2 protein chains.
Amino acid sequence: MENFTYWSPTEFIFGKETQKKTGETLKRFGAKKVMIVYGSDRIERDGLMKEITDSMEKEGIEYVKFGGIQPNPVASSVYDGIAKAQEEGIDFLLAVGGGSPIDAAKAMALGLANGGDFWDFYSKERTPEGAYPVGVVLTIPAAGSEGSGNSVITNEETHQKISVRYPMCLRPKFAIMNPELTMSLPWNQTANGIVDMMAHIFERYFSNTPGTELVDTYSEAILRDIADRALTLRINPEDYDARADVMWAGTLAHNGLCGVGKEEDWASHRLEHEISAFYDVAHGAGLAVIIPAWMTFCASRNPDKLWRFAINVMSVNPAGKTTEEIIDEGIHELMSFYHDLGMTTNLKTLIGCEPDIDKMVKSLHRNMGDILGAYVPLTMDDCKEIYRIACEQP
Amino acid sequence: MENFTYWSPTEFIFGKETQKKTGETLKRFGAKKVMIVYGSDRIERDGLMKEITDSMEKEGIEYVKFGGIQPNPVASSVYDGIAKAQEEGIDFLLAVGGGSPIDAAKAMALGLANGGDFWDFYSKERTPEGAYPVGVVLTIPAAGSEGSGNSVITNEETHQKISVRYPMCLRPKFAIMNPELTMSLPWNQTANGIVDMMAHIFERYFSNTPGTELVDTYSEAILRDIADRALTLRINPEDYDARADVMWAGTLAHNGLCGVGKEEDWASHRLEHEISAFYDVAHGAGLAVIIPAWMTFCASRNPDKLWRFAINVMSVNPAGKTTEEIIDEGIHELMSFYHDLGMTTNLKTLIGCEPDIDKMVKSLHRNMGDILGAYVPLTMDDCKEIYRIACEQP
């Protein structure tokens with residue numbers, strides 16, 4: 001096991017009706033004037049916004065609204081948000097929704113606290129000194145952003161989708177998580193979220209660091225539970241306990257717990273980011289295509305953890321099978337699981353055309369350099385091969 | 001699943017040589033003058049104290065030492081510590097050792113911040129407004145106190161051993177955890193710690209709350225790993241990765257992660273506290289006696305979770321066995337495991353005499369009221385029966 005620091009200071013307020021605690025929680029954290037950052041008008045229509053603002057009015061907290069954050073949030077929304085926040089003199093950002101408004105609010109928080117161009121912290125030209133405080137009311141469990149110090153923003157001018165990790169300043173102060181709010185999600189959003197949170201564990205699980213049995217075994221337990229609960233939700237989307245497990249698993253998948261003491265990978269996420277940056281598909285949908293292709297590419301090059309994954313997570317019976325067969329069956333079980341969720345694992349089907357692999361890999365190279373990932377360090381030629389495998393998958 | 005709040009703000013700094021970061025960490029948390037609270041002189045002899053104080057001197061942090069905290073820390077030590085801290089004008093408490101100095105430092109932190117008699121917060125006559133900041137250098141993984149808001153103090157005058165939970169003010173600011181520091185522990189301390197941390201999970205795992213599959217499955221994974229690693233350490237006490245897993249598991253067992261959304265039990269801990277209060281045995285040693293007896297008592301009254309425990313944690317093969325047989329085998333496997341660690345599971349053997357069960361239950365009644373625990377709510381007569389079972393165990 002490698003040395004690590006684990007610091008997850010976010011207060012998670014979890015359960016039924018918890019959105020009504022937004023006002024008292026903001027007050028406890030010293031908020032005076034809040035900008036509510038959100039995406040679609042669904043939260044207005046379904047009454048969630050009113051429950052939140054009522055709870056704030058009750059505590060005498062002022063607020064302004066900033067809606068319209070799109071999936072794969074873009075830099076221009078962040079600039080607009082910063083301008084509005086400065087104009088209104090707010091002191092706290094409340095993201096309502098899933099990863100997109102949370103990541104956008106975090107980007108605004110960096111810009112507001114440090115001045116200058118917020119994009120500098122994504123292009124790594126500057127390191128932030130701090131950030132405005134961010135709170136969350138989570139309605140889409142997926143990104144894990146409610147408990148992480150990460151943020152992903154797409155710069156639509158440069159076609160760059162860049163992920164940053166500033167855990168010391170970007171972890172939300174609190175996250176209010178009511179699983180009931182996720183029951184009315186369109187199924188594809190639930191499915192995308194499930195793929196994404198499992199991928200957050202994969203990126204940490206597939207590692208060459210020796211001696212990490214504890215974290216590996218609880219990571220496997222979380223992965224198995226997400227998969228079980230996903231299949232329950234496919235039949236009954238209103239199963240509260242399944243919604244609750246999936247929501248909590250989404251947080252644990254990305255708050256650092258599953259990565260303690262390990263070298264992490266993140267190649268699959270980087271490979272996916274190019275797909276969603278160029279073809280505007282949902283991040284989870286892109287991952288369902290990339291992850292099996294990445295596993296297939298790695299199978300012969302570094303089989304150990306893939307073998308263990310097949311048996312301990314995908315429940316492959318190893319009796320009488322070669323390592324190669326066990327891994328192959330594990331990957332196919334994972335693809336079957338994605339298909340059961342209603343997703344495709346074929347890149348061409350996903351984007352509806354032949355991908356421009358050269359363009360994607362050129363962008364990947366610009367964003368990430370010569371080598372991607374750690375479980376199997378990938379050259380840019382390897383990345384091309386993984387995109388090609390993703391085009392051939394069932 | 002029940003609603004819950006999970007807040008674990010402690011910064012865990014984990015790995016080799018991390019004790020040398022004590023000074024810079026204290027500085028980061030604003031400490032100016034620190035009281036180092038510890039137990040035996042072992043930490044002076046083995047050079048740990050010097051490494052810690054060197055790192056503080058390097059950062060210009062003043063310190064005073066307060067040693068001599070005994071296992072099952074007593075109220076008189078806390079009063080002495082508070083007096084010394086006031087005299088010296090310290091602003092930060094650094095506990096070095098295991099649960100005893102940490103719990104004592106927390107009690108001092110309550111007394112220092114609130115004035116008056118610190119025992120009021122244990123007898124529940126007052127609720128604390130806050131506490132002085134506490135940091136930890138952990139050398140004995142067991143109590144989980146490095147990440148919890150709990151503290152247990154024994155009042156030697158009243159023969160009361162009382163546990164309190166004030167998570168909003170008592171969670172340590174940071175915990176420095178170097179598994180190497182645990183390698184030289186006498187084996188019985190390692191074994192006691194292992195029993196204690198597994199018990200911290202049992203108290204949360206054995207619950208009647210429905211719909212808690214995720215937390216149950218990762219709790220089982222952590223329990224299995226602790227047991228595996230314990231047997232490795234019995235053969236090779238210097239296995240770093242096994243020490244690291246056990247140390248990290250001890251934190252996860254008690255920082256709240258394994259109890260989210262569940263009604264907890266804690267009857268076994270309360271039953272044990274009377275044993276260690278009256279007969280001055282180590283807490284872990286008392287738990288090795290009480291837990292199997294508690295399980296045996298509960299087996300016919302509430303079998304469900306005990307059945308699952310036997311299969312998923314103790315690896316009992318259920319084929320062709322009745323529920324009763326499966327549970328019985330699980331309890332016997334657990335006792336065998338304790339025996340493999342070199343511990344007794346017989347109460348009379350542990351304390352070296354016939355226990356005064358009436359006296360213990362009278363004290364239990366005074367401390368806890370009429371009913372103990374939740375998985376099977378225990379009357380005082382039930383508690384007597386459990387102590388009697390503990391006297392008859394192999």
# chains A, B, ... in the order shown; residues from 1 in each chain; ligands from 1
>>> select_by_dssp(residues="stretch 101-173 of chain A", states="strand (DSSP E or B)", output="list in words")
Val134, Gly135, Val136, Val137, Leu138, Asn150, Ser151, Val152, Ile153, Thr154, Asn155, Gln160, Lys161, Ile162, Ser163, Val164 and Arg165 of chain A
>>> write_last_selection(atoms="all heavy atoms", output="CSV table (one decimal), in the first residue's frame")
chain,number,residue,atom,x,y,z
A,134,VAL,N,-19.2,25.9,-1.7
A,134,VAL,CA,-20.2,25.3,-2.5
A,134,VAL,C,-21.0,24.2,-1.7
A,134,VAL,O,-20.5,23.4,-1.0
A,134,VAL,CB,-19.6,24.5,-3.7
A,134,VAL,CG1,-20.7,23.8,-4.6
A,134,VAL,CG2,-18.8,25.5,-4.6
A,135,GLY,N,-22.4,24.3,-1.8
A,135,GLY,CA,-23.2,23.3,-1.2
A,135,GLY,C,-24.0,22.6,-2.4
A,135,GLY,O,-24.1,23.1,-3.5
A,136,VAL,N,-24.6,21.5,-2.1
A,136,VAL,CA,-25.2,20.7,-3.1
A,136,VAL,C,-26.6,20.1,-2.7
A,136,VAL,O,-26.7,19.7,-1.5
A,136,VAL,CB,-24.3,19.5,-3.5
A,136,VAL,CG1,-25.0,18.5,-4.5
A,136,VAL,CG2,-23.0,20.0,-4.1
A,137,VAL,N,-27.6,20.2,-3.6
A,137,VAL,CA,-28.8,19.4,-3.4
A,137,VAL,C,-28.7,18.4,-4.6
A,137,VAL,O,-28.9,18.9,-5.8
A,137,VAL,CB,-30.1,20.2,-3.4
A,137,VAL,CG1,-31.3,19.2,-3.3
A,137,VAL,CG2,-30.1,21.2,-2.3
A,138,LEU,N,-28.5,17.2,-4.4
A,138,LEU,CA,-28.2,16.2,-5.4
A,138,LEU,C,-29.5,15.6,-5.9
A,138,LEU,O,-30.3,15.1,-5.2
A,138,LEU,CB,-27.2,15.1,-4.9
A,138,LEU,CG,-26.7,14.2,-6.0
A,138,LEU,CD1,-25.7,14.9,-6.9
A,138,LEU,CD2,-26.0,13.0,-5.3
A,150,ASN,N,-13.2,17.4,-7.4
A,150,ASN,CA,-13.0,17.4,-8.9
A,150,ASN,C,-14.0,18.2,-9.6
A,150,ASN,O,-15.1,18.4,-9.1
A,150,ASN,CB,-13.1,16.0,-9.4
A,150,ASN,CG,-12.1,15.0,-8.8
A,150,ASN,OD1,-11.5,15.3,-7.8
A,150,ASN,ND2,-11.9,13.9,-9.5
A,151,SER,N,-13.7,18.6,-10.8
A,151,SER,CA,-14.6,19.4,-11.6
A,151,SER,C,-14.2,19.1,-13.1
A,151,SER,O,-13.0,19.1,-13.4
A,151,SER,CB,-14.6,20.9,-11.3
A,151,SER,OG,-15.2,21.6,-12.3
A,152,VAL,N,-15.1,18.9,-14.0
A,152,VAL,CA,-14.8,18.7,-15.4
A,152,VAL,C,-15.6,19.8,-16.2
A,152,VAL,O,-16.8,19.9,-16.0
A,152,VAL,CB,-15.3,17.4,-15.9
A,152,VAL,CG1,-14.8,17.1,-17.3
A,152,VAL,CG2,-14.8,16.2,-15.0
A,153,ILE,N,-14.9,20.6,-16.9
A,153,ILE,CA,-15.5,21.6,-17.8
A,153,ILE,C,-15.0,21.5,-19.2
A,153,ILE,O,-13.8,21.1,-19.5
A,153,ILE,CB,-15.1,23.1,-17.2
A,153,ILE,CG1,-15.6,23.3,-15.8
A,153,ILE,CG2,-15.7,24.1,-18.2
A,153,ILE,CD1,-17.1,23.3,-15.6
A,154,THR,N,-15.9,21.7,-20.1
A,154,THR,CA,-15.6,21.7,-21.5
A,154,THR,C,-15.4,23.1,-22.1
A,154,THR,O,-16.3,23.9,-21.9
A,154,THR,CB,-16.7,20.9,-22.3
A,154,THR,OG1,-16.8,19.6,-21.9
A,154,THR,CG2,-16.4,20.9,-23.8
A,155,ASN,N,-14.3,23.3,-22.7
A,155,ASN,CA,-14.1,24.6,-23.4
A,155,ASN,C,-14.5,24.5,-24.8
A,155,ASN,O,-13.9,23.8,-25.6
A,155,ASN,CB,-12.6,25.0,-23.3
A,155,ASN,CG,-12.4,26.4,-23.7
A,155,ASN,OD1,-13.0,26.9,-24.7
A,155,ASN,ND2,-11.5,27.1,-23.0
A,160,GLN,N,-11.8,21.3,-25.7
A,160,GLN,CA,-11.1,20.6,-24.6
A,160,GLN,C,-12.1,20.3,-23.5
A,160,GLN,O,-12.8,21.2,-23.1
A,160,GLN,CB,-9.9,21.5,-24.1
A,160,GLN,CG,-8.7,21.6,-24.9
A,160,GLN,CD,-7.7,22.5,-24.3
A,160,GLN,OE1,-7.9,23.7,-24.2
A,160,GLN,NE2,-6.6,21.9,-23.9
A,161,LYS,N,-12.1,19.1,-23.0
A,161,LYS,CA,-12.8,18.7,-21.9
A,161,LYS,C,-11.8,18.4,-20.8
A,161,LYS,O,-11.2,17.3,-20.9
A,161,LYS,CB,-13.8,17.6,-22.2
A,161,LYS,CG,-14.7,17.2,-21.0
A,161,LYS,CD,-15.7,16.1,-21.4
A,161,LYS,CE,-16.6,15.7,-20.3
A,161,LYS,NZ,-17.6,14.8,-20.6
A,162,ILE,N,-11.7,19.2,-19.8
A,162,ILE,CA,-10.6,19.0,-18.8
A,162,ILE,C,-11.1,18.8,-17.4
A,162,ILE,O,-12.0,19.5,-17.0
A,162,ILE,CB,-9.6,20.1,-18.9
A,162,ILE,CG1,-8.9,20.2,-20.3
A,162,ILE,CG2,-8.5,20.0,-17.8
A,162,ILE,CD1,-7.8,21.2,-20.4
A,163,SER,N,-10.5,17.8,-16.8
A,163,SER,CA,-10.9,17.4,-15.4
A,163,SER,C,-9.8,17.9,-14.5
A,163,SER,O,-8.6,17.7,-14.8
A,163,SER,CB,-11.0,15.9,-15.3
A,163,SER,OG,-11.2,15.5,-14.0
A,164,VAL,N,-10.2,18.6,-13.4
A,164,VAL,CA,-9.2,19.0,-12.4
A,164,VAL,C,-9.6,18.4,-11.0
A,164,VAL,O,-10.7,18.1,-10.8
A,164,VAL,CB,-9.1,20.6,-12.3
A,164,VAL,CG1,-8.6,21.2,-13.6
A,164,VAL,CG2,-10.4,21.2,-11.9
A,165,ARG,N,-8.6,18.3,-10.2
A,165,ARG,CA,-8.8,17.8,-8.8
A,165,ARG,C,-8.1,18.8,-7.9
A,165,ARG,O,-6.8,18.8,-7.8
A,165,ARG,CB,-8.2,16.4,-8.7
A,165,ARG,CG,-8.5,15.7,-7.4
A,165,ARG,CD,-7.8,14.4,-7.3
A,165,ARG,NE,-8.4,13.4,-8.1
A,165,ARG,CZ,-8.2,12.0,-7.9
A,165,ARG,NH1,-7.5,11.6,-6.9
A,165,ARG,NH2,-8.8,11.2,-8.7
>>> interface_residues(of="chain A", to="chain B", cutoff="10 Å", atoms="only C-alpha atoms", output="CSV table (one decimal) with N, CA and C atoms, in the first residue's frame")
chain,number,residue,atom,x,y,z
A,1,MET,N,0.8,-1.2,0.0
A,1,MET,CA,0.0,0.0,0.0
A,1,MET,C,0.9,1.3,0.0
A,2,GLU,N,0.5,2.2,-0.8
A,2,GLU,CA,1.2,3.5,-0.8
A,2,GLU,C,0.7,4.4,0.3
A,3,ASN,N,1.5,5.4,0.7
A,3,ASN,CA,1.1,6.4,1.6
A,3,ASN,C,-0.1,7.2,1.0
A,4,PHE,N,-1.0,7.7,1.8
A,4,PHE,CA,-2.1,8.5,1.3
A,4,PHE,C,-2.6,9.5,2.4
A,5,THR,N,-3.3,10.5,1.9
A,5,THR,CA,-4.1,11.4,2.7
A,5,THR,C,-5.5,11.2,2.3
A,6,TYR,N,-6.4,10.9,3.3
A,6,TYR,CA,-7.8,10.8,3.0
A,6,TYR,C,-8.5,11.9,3.8
A,7,TRP,N,-9.2,12.8,3.1
A,7,TRP,CA,-9.9,13.9,3.7
A,7,TRP,C,-11.2,14.1,3.0
A,8,SER,N,-12.3,13.8,3.6
A,8,SER,CA,-13.6,13.9,3.0
A,8,SER,C,-14.5,14.7,3.9
A,9,PRO,N,-14.3,16.0,4.0
A,9,PRO,CA,-15.0,16.8,5.0
A,9,PRO,C,-16.4,17.1,4.7
A,10,THR,N,-16.9,16.7,3.5
A,10,THR,CA,-18.3,17.1,3.2
A,10,THR,C,-19.3,16.5,4.2
A,11,GLU,N,-20.3,17.3,4.6
A,11,GLU,CA,-21.3,16.7,5.4
A,11,GLU,C,-22.4,16.2,4.5
A,12,PHE,N,-22.7,14.9,4.6
A,12,PHE,CA,-23.7,14.3,3.8
A,12,PHE,C,-25.0,14.1,4.6
A,13,ILE,N,-26.0,14.8,4.1
A,13,ILE,CA,-27.3,14.8,4.8
A,13,ILE,C,-28.3,14.0,3.9
A,14,PHE,N,-28.6,12.8,4.3
A,14,PHE,CA,-29.1,11.8,3.4
A,14,PHE,C,-30.5,11.3,3.8
A,15,GLY,N,-31.4,11.2,2.9
A,15,GLY,CA,-32.7,10.6,3.2
A,15,GLY,C,-33.9,11.4,2.7
A,16,LYS,N,-35.0,10.8,3.1
A,16,LYS,CA,-36.3,11.4,2.7
A,16,LYS,C,-36.5,12.8,3.2
A,17,GLU,N,-37.0,13.7,2.3
A,17,GLU,CA,-37.4,15.0,2.7
A,17,GLU,C,-36.2,16.0,3.1
A,18,THR,N,-35.0,15.5,2.9
A,18,THR,CA,-33.9,16.3,3.4
A,18,THR,C,-33.7,17.6,2.6
A,174,PHE,N,-21.4,20.8,2.0
A,174,PHE,CA,-22.4,19.8,2.4
A,174,PHE,C,-23.1,19.3,1.1
A,175,ALA,N,-23.7,18.1,1.2
A,175,ALA,CA,-24.5,17.6,0.1
A,175,ALA,C,-25.8,17.0,0.7
A,176,ILE,N,-26.9,17.5,0.2
A,176,ILE,CA,-28.2,17.0,0.6
A,176,ILE,C,-28.6,16.0,-0.4
A,177,MET,N,-28.9,14.8,0.1
A,177,MET,CA,-29.1,13.7,-0.9
A,177,MET,C,-30.4,13.0,-0.5
A,178,ASN,N,-31.5,13.2,-1.2
A,178,ASN,CA,-32.8,12.6,-1.0
A,178,ASN,C,-33.0,11.6,-2.2
A,210,PRO,N,0.7,-3.1,-5.0
A,210,PRO,CA,0.5,-4.4,-4.3
A,210,PRO,C,0.0,-4.1,-2.9
A,211,GLY,N,-0.6,-5.1,-2.3
A,211,GLY,CA,-0.9,-5.0,-0.8
A,211,GLY,C,-2.1,-4.2,-0.5
A,212,THR,N,-3.1,-4.2,-1.4
A,212,THR,CA,-4.3,-3.3,-1.1
A,212,THR,C,-5.5,-4.1,-1.0
A,213,GLU,N,-5.4,-5.2,-0.2
A,213,GLU,CA,-6.6,-6.1,-0.1
A,213,GLU,C,-7.8,-5.5,0.4
A,214,LEU,N,-7.7,-4.7,1.5
A,214,LEU,CA,-8.9,-4.1,2.1
A,214,LEU,C,-9.7,-3.2,1.2
A,215,VAL,N,-9.0,-2.3,0.6
A,215,VAL,CA,-9.7,-1.4,-0.3
A,215,VAL,C,-10.2,-2.1,-1.5
A,216,ASP,N,-9.5,-3.1,-2.0
A,216,ASP,CA,-10.0,-3.9,-3.2
A,216,ASP,C,-11.3,-4.7,-2.8
A,217,THR,N,-11.3,-5.3,-1.6
A,217,THR,CA,-12.4,-6.1,-1.3
A,217,THR,C,-13.7,-5.3,-1.0
A,218,TYR,N,-13.5,-4.1,-0.3
A,218,TYR,CA,-14.7,-3.3,-0.2
A,218,TYR,C,-15.1,-2.6,-1.5
A,219,SER,N,-14.2,-2.3,-2.4
A,219,SER,CA,-14.5,-1.8,-3.7
A,219,SER,C,-15.4,-2.8,-4.5
A,220,GLU,N,-15.0,-4.1,-4.4
A,220,GLU,CA,-15.7,-5.1,-5.1
A,220,GLU,C,-17.1,-5.2,-4.5
A,221,ALA,N,-17.2,-5.1,-3.2
A,221,ALA,CA,-18.6,-5.2,-2.6
A,221,ALA,C,-19.5,-4.1,-3.1
A,222,ILE,N,-18.9,-2.9,-3.2
A,222,ILE,CA,-19.7,-1.7,-3.6
A,222,ILE,C,-20.1,-1.9,-5.1
A,223,LEU,N,-19.2,-2.4,-5.9
A,223,LEU,CA,-19.5,-2.7,-7.3
A,223,LEU,C,-20.6,-3.7,-7.5
A,224,ARG,N,-20.5,-4.8,-6.7
A,224,ARG,CA,-21.5,-5.8,-6.8
A,224,ARG,C,-22.9,-5.3,-6.4
A,225,ASP,N,-22.9,-4.4,-5.4
A,225,ASP,CA,-24.2,-3.9,-4.9
A,225,ASP,C,-24.8,-2.9,-6.0
A,226,ILE,N,-23.9,-2.1,-6.6
A,226,ILE,CA,-24.5,-1.2,-7.6
A,226,ILE,C,-25.1,-2.0,-8.7
A,228,ASP,N,-26.3,-5.1,-8.7
A,228,ASP,CA,-27.6,-5.7,-8.2
A,228,ASP,C,-28.7,-4.7,-8.2
A,229,ARG,N,-28.4,-3.5,-7.6
A,229,ARG,CA,-29.5,-2.5,-7.4
A,229,ARG,C,-29.9,-1.9,-8.7
A,239,ASP,N,-38.0,1.8,-6.3
A,239,ASP,CA,-37.6,1.1,-5.1
A,239,ASP,C,-36.7,2.0,-4.3
A,240,TYR,N,-37.2,2.4,-3.1
A,240,TYR,CA,-36.5,3.5,-2.4
A,240,TYR,C,-35.1,3.0,-1.9
A,241,ASP,N,-35.0,1.8,-1.4
A,241,ASP,CA,-33.7,1.3,-0.9
A,241,ASP,C,-32.7,1.1,-2.0
A,242,ALA,N,-33.2,0.7,-3.1
A,242,ALA,CA,-32.2,0.5,-4.3
A,242,ALA,C,-31.8,1.9,-4.7
A,244,ALA,N,-31.5,4.5,-2.8
A,244,ALA,CA,-30.7,5.0,-1.7
A,244,ALA,C,-29.3,4.4,-1.8
A,245,ASP,N,-29.2,3.0,-2.1
A,245,ASP,CA,-27.9,2.4,-2.2
A,245,ASP,C,-27.1,3.0,-3.4
A,246,VAL,N,-27.8,3.1,-4.5
A,246,VAL,CA,-27.1,3.7,-5.7
A,246,VAL,C,-26.6,5.1,-5.5
A,248,TRP,N,-25.8,6.5,-2.5
A,248,TRP,CA,-24.7,6.5,-1.6
A,248,TRP,C,-23.5,5.9,-2.2
A,249,ALA,N,-23.7,4.8,-3.0
A,249,ALA,CA,-22.5,4.2,-3.7
A,249,ALA,C,-21.9,5.2,-4.6
A,252,LEU,N,-19.5,7.2,-2.5
A,252,LEU,CA,-18.3,6.4,-2.0
A,252,LEU,C,-17.4,6.1,-3.2
A,257,LEU,N,-12.5,7.2,-1.0
A,257,LEU,CA,-12.5,5.9,-0.2
A,257,LEU,C,-11.9,4.7,-0.9
A,260,VAL,N,-7.7,4.8,-1.7
A,260,VAL,CA,-6.7,5.0,-0.7
A,260,VAL,C,-5.5,4.1,-0.9
A,261,GLY,N,-4.3,4.7,-0.9
A,261,GLY,CA,-3.1,3.9,-1.0
A,261,GLY,C,-2.8,3.2,-2.3
>>> residues_around(residues="A:Leu94", least_positions_apart="3", cutoff="10 Å", atoms="only C-alpha atoms", output="list in words")
Thr22, Leu26, Ala31, Val34, Met35, Ile36, Val37, Tyr38, Tyr63, Lys65, Phe66, Gly97, Pro101, Ile102, Ala105, Lys106, Pro133, Val134, Gly135, Val136, Val137, Pro172, Phe174 and Ala175 of chain A
>>> residues_around(residues="B:Phe309", least_positions_apart="4", cutoff="10 Å", atoms="only C-alpha atoms", output="list in words")
Phe202, Tyr205, Phe206, Asp216, Glu220, Leu223, Pro303, Asp304, Lys305, Val313, Met314, Ser315, Val316, Ile326, Ile327, Gly330 and Ile331 of chain B
>>> write_last_selection(atoms="N, CA and C atoms", output="short mmCIF file (atom, residue, chain, number, x, y, z; two decimals), in the first residue's frame")
data_model
loop_
_atom_site.label_atom_id
_atom_site.label_comp_id
_atom_site.auth_asym_id
_atom_site.auth_seq_id
_atom_site.Cartn_x
_atom_site.Cartn_y
_atom_site.Cartn_z
N PHE B 202 -19.69 -5.03 14.20
CA PHE B 202 -20.82 -5.86 14.65
C PHE B 202 -21.95 -5.01 15.23
N TYR B 205 -23.65 -3.69 12.29
CA TYR B 205 -24.09 -4.71 11.32
C TYR B 205 -25.35 -5.42 11.81
N PHE B 206 -25.35 -5.78 13.09
CA PHE B 206 -26.51 -6.49 13.64
C PHE B 206 -27.60 -5.48 13.95
N ASP B 216 -24.24 -3.19 4.42
CA ASP B 216 -24.01 -4.55 4.94
C ASP B 216 -22.92 -5.27 4.16
N GLU B 220 -19.29 -6.43 5.61
CA GLU B 220 -18.82 -7.83 5.58
C GLU B 220 -17.43 -7.93 4.95
N LEU B 223 -14.93 -6.79 7.50
CA LEU B 223 -14.77 -7.82 8.55
C LEU B 223 -13.91 -8.99 8.07
N PRO B 303 -32.68 -14.61 14.38
CA PRO B 303 -31.61 -15.33 13.66
C PRO B 303 -31.13 -14.70 12.36
N ASP B 304 -31.93 -13.85 11.70
CA ASP B 304 -31.66 -13.49 10.30
C ASP B 304 -30.22 -13.02 10.03
N LYS B 305 -29.81 -12.00 10.76
CA LYS B 305 -28.52 -11.40 10.46
C LYS B 305 -27.38 -12.30 10.93
N VAL B 313 -19.42 -13.79 6.47
CA VAL B 313 -18.19 -13.36 7.15
C VAL B 313 -17.38 -14.56 7.62
N MET B 314 -18.01 -15.53 8.27
CA MET B 314 -17.27 -16.67 8.80
C MET B 314 -17.16 -17.80 7.78
N SER B 315 -17.67 -17.57 6.56
CA SER B 315 -17.53 -18.54 5.45
C SER B 315 -18.07 -19.92 5.77
N VAL B 316 -19.14 -19.99 6.54
CA VAL B 316 -19.80 -21.27 6.81
C VAL B 316 -20.50 -21.72 5.52
N ILE B 326 -26.27 -23.47 11.07
CA ILE B 326 -25.41 -22.49 10.39
C ILE B 326 -24.95 -21.41 11.37
N ILE B 327 -25.90 -20.88 12.15
CA ILE B 327 -25.56 -19.83 13.11
C ILE B 327 -24.61 -20.37 14.17
N GLY B 330 -21.24 -20.59 12.80
CA GLY B 330 -20.67 -19.25 12.67
C GLY B 330 -20.11 -18.74 14.00
N ILE B 331 -20.87 -18.94 15.07
CA ILE B 331 -20.41 -18.49 16.39
C ILE B 331 -19.17 -19.28 16.82
#
>>> residues_around(residues="stretch 183-186 of chain B", least_positions_apart="3", cutoff="10 Å", atoms="only C-alpha atoms", output="VMD selection string")
chain B and resid 46 139 to 140 178 to 180 189 to 191 233 236 to 240 243
>>> atom_distance(atom1="atom CA of B:Ile52", atom2="atom CA of B:Asn114")
28.5 Å
>>> decode(residues="stretch 205-213 of chain A", atoms="N, CA, C and O atoms", output="mmCIF file, in the first residue's frame")
data_model
loop_
_atom_site.group_PDB
_atom_site.id
_atom_site.type_symbol
_atom_site.label_atom_id
_atom_site.label_comp_id
_atom_site.auth_asym_id
_atom_site.auth_seq_id
_atom_site.Cartn_x
_atom_site.Cartn_y
_atom_site.Cartn_z
ATOM 1 N N TYR A 205 -9.682 0.730 -8.886
ATOM 2 C CA TYR A 205 -9.534 -0.710 -8.630
ATOM 3 C C TYR A 205 -8.427 -1.301 -9.503
ATOM 4 O O TYR A 205 -7.606 -2.081 -9.023
ATOM 5 N N PHE A 206 -8.425 -0.931 -10.779
ATOM 6 C CA PHE A 206 -7.416 -1.470 -11.699
ATOM 7 C C PHE A 206 -6.106 -0.720 -11.492
ATOM 8 O O PHE A 206 -5.912 0.374 -12.000
ATOM 9 N N SER A 207 -5.252 -1.327 -10.704
ATOM 10 C CA SER A 207 -4.032 -0.675 -10.232
ATOM 11 C C SER A 207 -2.974 -1.744 -10.024
ATOM 12 O O SER A 207 -3.289 -2.902 -9.726
ATOM 13 N N ASN A 208 -1.723 -1.341 -10.175
ATOM 14 C CA ASN A 208 -0.631 -2.291 -9.940
ATOM 15 C C ASN A 208 -0.053 -2.209 -8.533
ATOM 16 O O ASN A 208 0.889 -2.932 -8.212
ATOM 17 N N THR A 209 -0.580 -1.321 -7.706
ATOM 18 C CA THR A 209 -0.045 -1.204 -6.351
ATOM 19 C C THR A 209 -0.296 -2.507 -5.585
ATOM 20 O O THR A 209 -1.449 -2.948 -5.494
ATOM 21 N N PRO A 210 0.729 -3.128 -5.035
ATOM 22 C CA PRO A 210 0.512 -4.374 -4.280
ATOM 23 C C PRO A 210 0.014 -4.095 -2.863
ATOM 24 O O PRO A 210 0.151 -2.971 -2.354
ATOM 25 N N GLY A 211 -0.567 -5.118 -2.250
ATOM 26 C CA GLY A 211 -0.891 -5.037 -0.820
ATOM 27 C C GLY A 211 -2.081 -4.171 -0.484
ATOM 28 O O GLY A 211 -2.089 -3.498 0.545
ATOM 29 N N THR A 212 -3.101 -4.160 -1.356
ATOM 30 C CA THR A 212 -4.250 -3.275 -1.131
ATOM 31 C C THR A 212 -5.528 -4.105 -0.977
ATOM 32 O O THR A 212 -6.582 -3.743 -1.506
ATOM 33 N N GLU A 213 -5.442 -5.194 -0.241
ATOM 34 C CA GLU A 213 -6.561 -6.126 -0.140
ATOM 35 C C GLU A 213 -7.830 -5.484 0.441
ATOM 36 O O GLU A 213 -8.934 -5.698 -0.068
#
